[in-house]
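J.: Provided herewith: query.txt, compact mmCIF, C-alpha atoms.
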# COMPACT_ATOMS: atom_id res chain seq x y z
CA MET A 1 -6.08 -32.25 3.61
CA LYS A 2 -5.36 -33.39 0.05
CA ASN A 3 -8.25 -31.36 -1.36
CA PHE A 4 -7.11 -28.29 0.63
CA ILE A 5 -3.59 -28.46 -0.83
CA ILE A 6 -4.98 -28.90 -4.36
CA ALA A 7 -7.22 -25.86 -3.84
CA CYS A 8 -4.24 -23.77 -2.66
CA LEU A 9 -2.13 -24.78 -5.66
CA THR A 10 -5.03 -24.00 -8.01
CA LEU A 11 -5.39 -20.55 -6.40
CA LEU A 12 -1.67 -19.87 -6.88
CA THR A 13 -1.84 -20.89 -10.55
CA LEU A 14 -4.92 -18.84 -11.38
CA SER A 15 -3.74 -15.72 -9.53
CA ALA A 16 -0.49 -15.27 -11.47
CA CYS A 17 -2.26 -14.24 -14.65
CA SER A 18 -1.33 -10.58 -15.17
CA THR A 19 1.77 -8.54 -15.91
CA SER A 20 2.96 -5.06 -14.98
CA SER A 21 3.85 -2.38 -17.53
CA THR A 22 7.49 -3.50 -17.27
CA GLY A 23 6.57 -7.10 -18.10
CA ARG A 24 6.83 -8.51 -14.58
CA ASN A 25 4.38 -11.29 -13.60
CA GLN A 26 1.86 -10.16 -10.99
CA VAL A 27 -0.29 -11.83 -8.36
CA SER A 28 -3.65 -10.08 -7.84
CA LEU A 29 -6.39 -11.57 -5.68
CA TYR A 30 -8.38 -8.38 -4.97
CA SER A 31 -10.64 -6.33 -7.21
CA ASP A 32 -10.05 -2.63 -7.94
CA THR A 33 -13.24 -1.85 -6.04
CA GLU A 34 -11.90 -3.57 -2.92
CA LEU A 35 -8.53 -1.82 -3.16
CA ASN A 36 -10.11 1.59 -3.74
CA HIS A 37 -12.33 1.10 -0.69
CA MET A 38 -9.31 0.15 1.42
CA GLY A 39 -7.39 3.19 0.17
CA VAL A 40 -10.20 5.65 0.84
CA THR A 41 -10.89 4.19 4.30
CA SER A 42 -7.21 4.33 5.30
CA PHE A 43 -6.87 7.90 4.03
CA GLU A 44 -9.90 9.12 5.96
CA GLN A 45 -8.53 7.53 9.13
CA MET A 46 -5.15 9.22 8.63
CA LYS A 47 -6.80 12.62 8.21
CA LYS A 48 -8.38 12.13 11.63
CA GLU A 49 -5.16 11.05 13.34
CA ILE A 50 -2.45 13.25 11.77
CA PRO A 51 -2.46 17.08 11.82
CA ILE A 52 -3.04 18.65 8.39
CA SER A 53 -0.92 21.59 7.28
CA LYS A 54 -2.76 24.89 6.93
CA ASP A 55 0.19 26.77 5.44
CA LYS A 56 -1.04 28.16 2.11
CA ALA A 57 2.36 28.41 0.43
CA THR A 58 3.22 24.81 1.29
CA ASN A 59 -0.15 23.52 0.12
CA ASP A 60 0.03 25.53 -3.11
CA PHE A 61 3.47 24.10 -3.88
CA VAL A 62 2.49 20.50 -3.23
CA LEU A 63 -0.79 20.81 -5.14
CA CYS A 64 0.98 22.41 -8.10
CA VAL A 65 3.33 19.43 -8.42
CA ALA A 66 0.55 16.91 -7.77
CA ASP A 67 -1.75 18.45 -10.40
CA ALA A 68 0.98 18.19 -13.04
CA ILE A 69 1.73 14.57 -12.15
CA THR A 70 -1.85 13.31 -11.89
CA ALA A 71 -2.82 14.99 -15.17
CA ASN A 72 -0.74 12.31 -16.88
CA VAL A 73 -2.22 9.34 -15.03
CA PRO A 74 -4.35 7.20 -17.37
CA LYS A 75 -8.10 7.38 -16.69
CA SER A 76 -8.10 3.59 -16.60
CA ALA A 77 -6.00 3.79 -13.42
CA GLN A 78 -8.04 6.48 -11.66
CA GLN A 79 -11.46 7.85 -12.50
CA GLY A 80 -12.14 11.35 -11.22
CA GLU A 81 -9.99 13.82 -9.31
CA TRP A 82 -7.18 13.03 -6.92
CA GLU A 83 -7.33 14.19 -3.32
CA VAL A 84 -4.01 15.58 -2.07
CA VAL A 85 -3.37 16.31 1.61
CA VAL A 86 -0.26 17.81 3.20
CA PHE A 87 0.27 16.32 6.65
CA ASP A 88 2.06 18.47 9.20
CA SER A 89 4.61 15.91 10.33
CA GLU A 90 8.41 15.70 10.50
CA GLN A 91 8.27 12.25 8.94
CA VAL A 92 10.30 12.15 5.70
CA ASN A 93 7.71 10.40 3.58
CA ALA A 94 4.86 10.58 1.08
CA PHE A 95 2.41 8.02 -0.28
CA ALA A 96 -0.33 7.38 -2.82
CA LEU A 97 -3.26 5.04 -2.28
CA PRO A 98 -5.76 3.32 -4.57
CA GLY A 99 -8.86 5.44 -4.88
CA GLY A 100 -6.98 8.60 -5.92
CA LYS A 101 -5.39 9.65 -2.62
CA ILE A 102 -1.98 11.31 -2.14
CA GLY A 103 -0.42 12.23 1.18
CA VAL A 104 2.72 14.33 1.58
CA TYR A 105 4.42 14.88 4.94
CA THR A 106 6.00 18.29 5.46
CA GLY A 107 9.19 16.51 6.55
CA ILE A 108 9.85 15.40 2.97
CA LEU A 109 9.99 19.05 1.88
CA GLU A 110 13.20 19.48 3.88
CA VAL A 111 14.85 16.83 1.69
CA THR A 112 13.39 17.76 -1.70
CA GLU A 113 15.22 20.85 -2.91
CA ASN A 114 12.87 21.87 -5.72
CA GLN A 115 9.72 20.99 -7.69
CA ASP A 116 11.53 18.32 -9.70
CA GLN A 117 12.67 16.37 -6.66
CA LEU A 118 9.19 16.49 -5.13
CA ALA A 119 7.85 15.30 -8.49
CA ALA A 120 10.26 12.36 -8.27
CA ILE A 121 8.73 11.42 -4.91
CA MET A 122 5.16 11.79 -6.16
CA GLY A 123 5.88 9.99 -9.42
CA HIS A 124 7.32 7.08 -7.46
CA GLU A 125 4.33 6.88 -5.10
CA VAL A 126 1.77 7.16 -7.90
CA GLY A 127 3.80 4.52 -9.73
CA HIS A 128 2.92 2.07 -6.95
CA VAL A 129 -0.77 2.72 -7.65
CA LEU A 130 -0.37 2.44 -11.43
CA GLU A 131 1.33 -0.94 -11.09
CA HIS A 132 -1.20 -2.28 -8.53
CA HIS A 133 1.49 -2.96 -5.94
CA SER A 134 -0.93 -2.76 -3.01
CA ASN A 135 -2.92 -5.58 -4.57
CA GLU A 136 0.22 -7.64 -5.08
CA ARG A 137 1.50 -7.17 -1.55
CA LEU A 138 -1.83 -8.05 0.05
CA SER A 139 -2.13 -11.03 -2.27
CA ALA A 140 1.41 -12.21 -1.58
CA ASN A 141 0.85 -12.01 2.17
CA LYS A 142 -2.38 -13.99 1.87
CA LEU A 143 -0.79 -16.67 -0.28
CA SER A 144 2.31 -16.94 1.93
CA ASN A 145 0.09 -17.35 5.00
CA VAL A 146 -1.83 -20.11 3.24
CA GLY A 147 1.43 -21.79 2.24
CA LEU A 148 2.83 -21.59 5.78
CA ALA A 149 -0.42 -22.98 7.20
CA VAL A 150 -0.22 -25.95 4.82
CA ALA A 151 3.45 -26.50 5.68
CA ALA A 152 2.74 -26.29 9.40
CA ILE A 153 -0.01 -28.92 9.07
CA ALA A 154 2.32 -31.17 7.07
CA ILE A 155 5.15 -30.78 9.59
CA GLY A 156 2.74 -31.38 12.46
CA ALA A 157 1.67 -34.65 10.90
CA SER A 158 5.25 -35.77 10.30
CA GLU A 159 7.75 -37.38 12.66
CA VAL A 160 10.39 -34.66 12.33
CA ASP A 161 12.03 -33.38 15.54
CA ASN A 162 11.89 -29.72 16.66
CA LYS A 163 8.70 -29.01 14.74
CA GLY A 164 8.42 -25.51 16.18
CA LEU A 165 11.86 -24.57 14.87
CA TRP A 166 11.00 -25.90 11.43
CA VAL A 167 7.84 -23.78 11.25
CA ALA A 168 9.69 -20.70 12.52
CA GLY A 169 12.42 -21.29 9.96
CA LEU A 170 9.87 -21.45 7.18
CA GLY A 171 8.46 -18.11 8.32
CA ILE A 172 11.90 -16.48 8.17
CA GLY A 173 12.54 -18.05 4.78
CA VAL A 174 9.31 -16.63 3.35
CA GLN A 175 10.09 -13.18 4.80
CA TYR A 176 13.62 -12.90 3.40
CA GLY A 177 13.23 -15.12 0.35
CA VAL A 178 9.83 -14.03 -0.96
CA ILE A 179 8.19 -11.01 0.67
CA MET A 180 11.24 -8.72 0.91
CA PRO A 181 12.56 -9.36 -2.63
CA TYR A 182 8.98 -8.93 -3.87
CA SER A 183 8.82 -5.54 -2.14
CA ARG A 184 12.23 -4.53 -3.52
CA ALA A 185 10.98 -5.38 -7.02
CA HIS A 186 8.00 -3.08 -6.42
CA GLU A 187 10.23 -0.21 -5.27
CA SER A 188 12.53 -0.53 -8.28
CA GLU A 189 9.57 -0.68 -10.63
CA ALA A 190 7.96 2.38 -9.02
CA ASP A 191 11.26 4.24 -9.40
CA ILE A 192 11.33 3.58 -13.14
CA VAL A 193 7.62 4.14 -13.75
CA GLY A 194 7.74 7.28 -11.59
CA GLN A 195 10.72 8.67 -13.47
CA ASP A 196 8.85 8.28 -16.77
CA LEU A 197 5.71 9.86 -15.26
CA MET A 198 7.56 12.91 -13.89
CA ALA A 199 9.34 13.39 -17.22
CA ARG A 200 6.06 13.24 -19.16
CA SER A 201 4.71 15.82 -16.70
CA GLY A 202 7.48 18.32 -17.48
CA PHE A 203 9.85 17.65 -14.57
CA SER A 204 13.54 16.89 -15.08
CA PRO A 205 14.09 13.14 -14.51
CA GLU A 206 17.69 13.82 -13.46
CA ALA A 207 16.24 15.18 -10.21
CA SER A 208 15.25 11.64 -9.19
CA VAL A 209 18.94 10.70 -9.06
CA GLN A 210 19.82 13.71 -6.91
CA LEU A 211 16.85 12.98 -4.65
CA TRP A 212 18.23 9.57 -3.72
CA LYS A 213 21.65 11.05 -3.16
CA ASN A 214 19.95 13.34 -0.65
CA MET A 215 18.12 10.38 0.86
CA SER A 216 21.33 8.40 1.23
CA LYS A 217 22.67 11.07 3.57
CA LEU A 218 19.73 10.38 5.91
CA SER A 219 20.07 6.58 5.92
CA LYS A 220 23.72 5.85 6.58
CA ASP A 221 22.76 3.10 9.05
CA ALA A 222 20.38 1.32 6.67
CA PRO A 223 20.31 -2.51 6.89
CA PRO A 224 21.90 -4.67 4.16
CA GLU A 225 19.81 -4.77 1.00
CA PHE A 226 18.85 -8.44 1.39
CA MET A 227 17.33 -7.63 4.81
CA SER A 228 15.35 -4.65 3.59
CA THR A 229 12.07 -4.14 1.79
CA HIS A 230 13.72 -1.38 -0.26
CA PRO A 231 16.69 -1.50 -2.64
CA SER A 232 19.84 0.19 -1.35
CA ASN A 233 20.28 3.85 -2.25
CA GLU A 234 23.26 2.91 -4.41
CA THR A 235 21.13 0.41 -6.36
CA ARG A 236 18.36 2.95 -6.87
CA ILE A 237 20.76 5.65 -8.07
CA LYS A 238 22.36 3.23 -10.54
CA GLN A 239 18.99 2.07 -11.93
CA LEU A 240 17.63 5.61 -12.25
CA ASN A 241 20.81 6.84 -13.95
CA LYS A 242 20.57 4.00 -16.45
CA HIS A 243 16.90 4.71 -17.19
CA LEU A 244 17.57 8.38 -18.00
CA ALA A 245 18.18 7.29 -21.60
CA VAL A 246 14.46 6.43 -21.75
CA SER A 247 12.92 9.17 -19.60
CA GLN A 248 15.00 12.16 -20.69
CA PRO A 249 13.46 12.36 -24.21
CA TYR A 250 9.99 12.58 -22.62
CA TYR A 251 11.11 15.59 -20.62
CA LEU A 252 12.83 17.26 -23.58
CA ALA A 253 9.64 16.89 -25.62
CA GLU A 254 7.65 18.69 -22.90
CA LYS A 255 10.38 21.33 -22.61
CA ASN A 256 10.23 22.01 -26.35
CA ARG A 257 6.47 22.53 -25.98
CA ASN A 258 7.09 24.93 -23.07
CA ASN A 259 5.07 22.56 -20.92
CA ILE A 260 7.20 22.98 -17.79
CA PRO A 261 5.39 23.48 -14.44
CA LYS A 262 6.36 26.51 -12.38
CA CYS A 263 5.77 25.40 -8.80
CA VAL A 264 7.37 27.68 -6.22
CA LYS A 265 8.77 25.96 -3.18
CA PRO A 266 8.27 27.97 0.02
CA LYS A 267 11.15 28.61 2.34
CA ILE A 268 11.21 25.84 4.91
CA ILE A 269 11.99 26.99 8.43
CA PRO A 270 13.05 24.00 10.54
CA LYS A 271 11.09 23.62 13.72
CA PRO A 272 13.20 24.20 16.83
CA LYS A 273 14.12 20.98 18.57
CA PRO A 274 12.94 20.70 22.18
CA LYS A 275 15.64 21.41 24.72
CA PRO A 276 16.74 18.37 26.71
CA LYS A 277 15.46 18.21 30.24
CA PRO A 278 18.11 18.96 32.87
CA LYS A 279 19.39 15.89 34.63
CA LEU A 280 18.61 15.66 38.31
CA LYS A 281 21.67 15.48 40.48
CA ASN A 282 21.78 12.82 43.14
CA LYS A 283 21.99 14.23 46.63
I need this file expressed as structure tokens, please.

T.:
Amino acid sequence: MKNFIIACLTLLTLSACSTSSTGRNQVSLYSDTELNHMGVTSFEQMKKEIPISKDKATNDFVLCVADAITANVPKSAQQGEWEVVVFDSEQVNAFALPGGKIGVYTGILEVTENQDQLAAIMGHEVGHVLEHHSNERLSANKLSNVGLAVAAIAIGASEVDNKGLWVAGLGIGVQYGVIMPYSRAHESEADIVGQDLMARSGFSPEASVQLWKNMSKLSKDAPPEFMSTHPSNETRIKQLNKHLAVSQPYYLAEKNRNNIPKCVKPKIIPKPKPKPKPKLKNK
């Protein structure tokens, strides 16, 4: 038992040995090869399970924005081309995975009003990849599970009453005190890194602020920030507004070089909602 605890503490110490581009300490237990394999495998599975859009105008628009964004991703972060797929789904979401994979749901195009707002989404998602957030989250979950296992063994060997409640309480404490704040830190970092990336790619960084104003209209019933894996919309808007002082000059430099993408957003026709089934009257 003693040797096991020492081994866990040693693992924790050795793993916290890297920093993100913003200077935040990182925990990384997986290799890039492992993460890339996970990303590619997950992406291939999604392509089998979720319908893929065949609309040319929609695909051209998304690929135009993606090409501009990924052209500014360092080769050290991704070797080779990126694969971009537009999923035909009403889900308001997009994602990027290690291994050079980007997925965009058609539902997000109803919220993004122009190329700049879609670039804000893509910049944010690619920012997660650039900062190795998948590695950190998997590593944090592994380490928290090890820590809880050690604590459960220690509690089990003690004379404390209500051992089950103590273990359950530890689980809740890790969730709200470690995992969720860790995830919120990732989201805030991806916002900032993504805003810089979109600006360097010729998209107006101010659009990222408007994007989250649009998003806030869709999430009026969001949980309190401390109970969420994401910062509140108000927090994100404030952070992005503040960071414009850094990102705006990148955009102006591209604008002066006439390096502004011209991606045409197709007209989005909302799908008709299914009519409710008539209620059967009781005889």

J.: So, with all atoms listed in the file as the atoms that count, which of A:Leu244, A:Val111, A:Ala199, A:Ala96 lies closest to A:Asn36?

T.: A:Ala96

J.: What is the atom CA of A:Leu240-atom CA of A:Ala71 distance in Å, reported with one decimal?

T.: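 About the pair atom CA of A:Leu240 and atom CA of A:Ala71: they are 22.7 Å apart.
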
J.: Go ahead and compute the interatomic distance for atom CA of A:Tyr251 and atom CA of A:Lys56, in Å to one decimal.

T.: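 If I compute the distance from atom CA of A:Tyr251 to atom CA of A:Lys56, I get 28.7 Å.
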
J.: Please, what distance in Å, to one decimal, runs between atom CA of A:Leu63 and atom CA of A:Val84?

T.: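 Distance between the two atoms: 6.9 Å.
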
J.: Point out the residue among A:Val126, A:Leu35, A:Ala207, A:Met198 with the least atom-to-atom distance to A:Pro261, counting all atoms listed in the file.

T.: A:Met198

J.: Show me the residues around (-5.5, 18.0, -4.8) - criterion: an atom at most 10 Å away, only C-alpha atoms counted - as a PyMOL selection string.

T.: chain A and resi 59-60+62-67+70+81-86+100-103

J.: Return the single residue from A:Ile260, A:Ile192, A:Met122, A:Ala253 that is closest to A:Ile237, with distances computed using all atoms listed in the file.

T.: A:Ile192

J.: For A:Ile121, which residue out of A:Met215, A:Val40, A:Ala185, A:Ala245 is the nearest one, using only C-alpha atoms?

T.: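 For A:Ile121, the nearest of the candidates is A:Met215.
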
J.: Select, from A:Ala119, A:Val264, A:Ala68, A:Leu130, the residue with the minimum atom-to-atom distance to A:Pro205, counting all atoms listed in the file.

T.: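 That would be A:Ala119, the residue with the smallest distance to A:Pro205.
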
J.: Using all atoms listed in the file, which residue out of A:Ser42, A:Thr33, A:Asn93, A:Asn114 lies closest to A:Gln210?

T.: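 Closest to A:Gln210 of all the choices is A:Asn114.
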
J.: Report as an MDAnalysis selection string all protein, DNA and RNA residues lying within 9 Å of A:Glu189, evaluated on only C-alpha atoms, omitting residues in the same chain fewer than 6 positions from it.

T.: chainID A and resid 22 124 127:128 131

J.: Using C-alpha atoms, can you export the residues from the last selection as a short mmCIF file (atom, residue, chain, number, x, y, z; two decimals), in the frame of the given file?

T.:
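Once everything was written out, this is out-v5.cif:
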data_model
loop_
_atom_site.label_atom_id
_atom_site.label_comp_id
_atom_site.auth_asym_id
_atom_site.auth_seq_id
_atom_site.Cartn_x
_atom_site.Cartn_y
_atom_site.Cartn_z
CA THR A 22 7.49 -3.50 -17.27
CA HIS A 124 7.32 7.08 -7.46
CA GLY A 127 3.80 4.52 -9.73
CA HIS A 128 2.92 2.07 -6.95
CA GLU A 131 1.33 -0.94 -11.09
#

J.: List as a list in words the protein and nucleic acid residues near A:Lys217, meaning an atom at most 10 Å away when all atoms listed in the file are counted, but skip any in the same chain fewer than 4 places from it.

T.: Val111, Trp212, Lys213, Asp221 and Asn233 of chain A
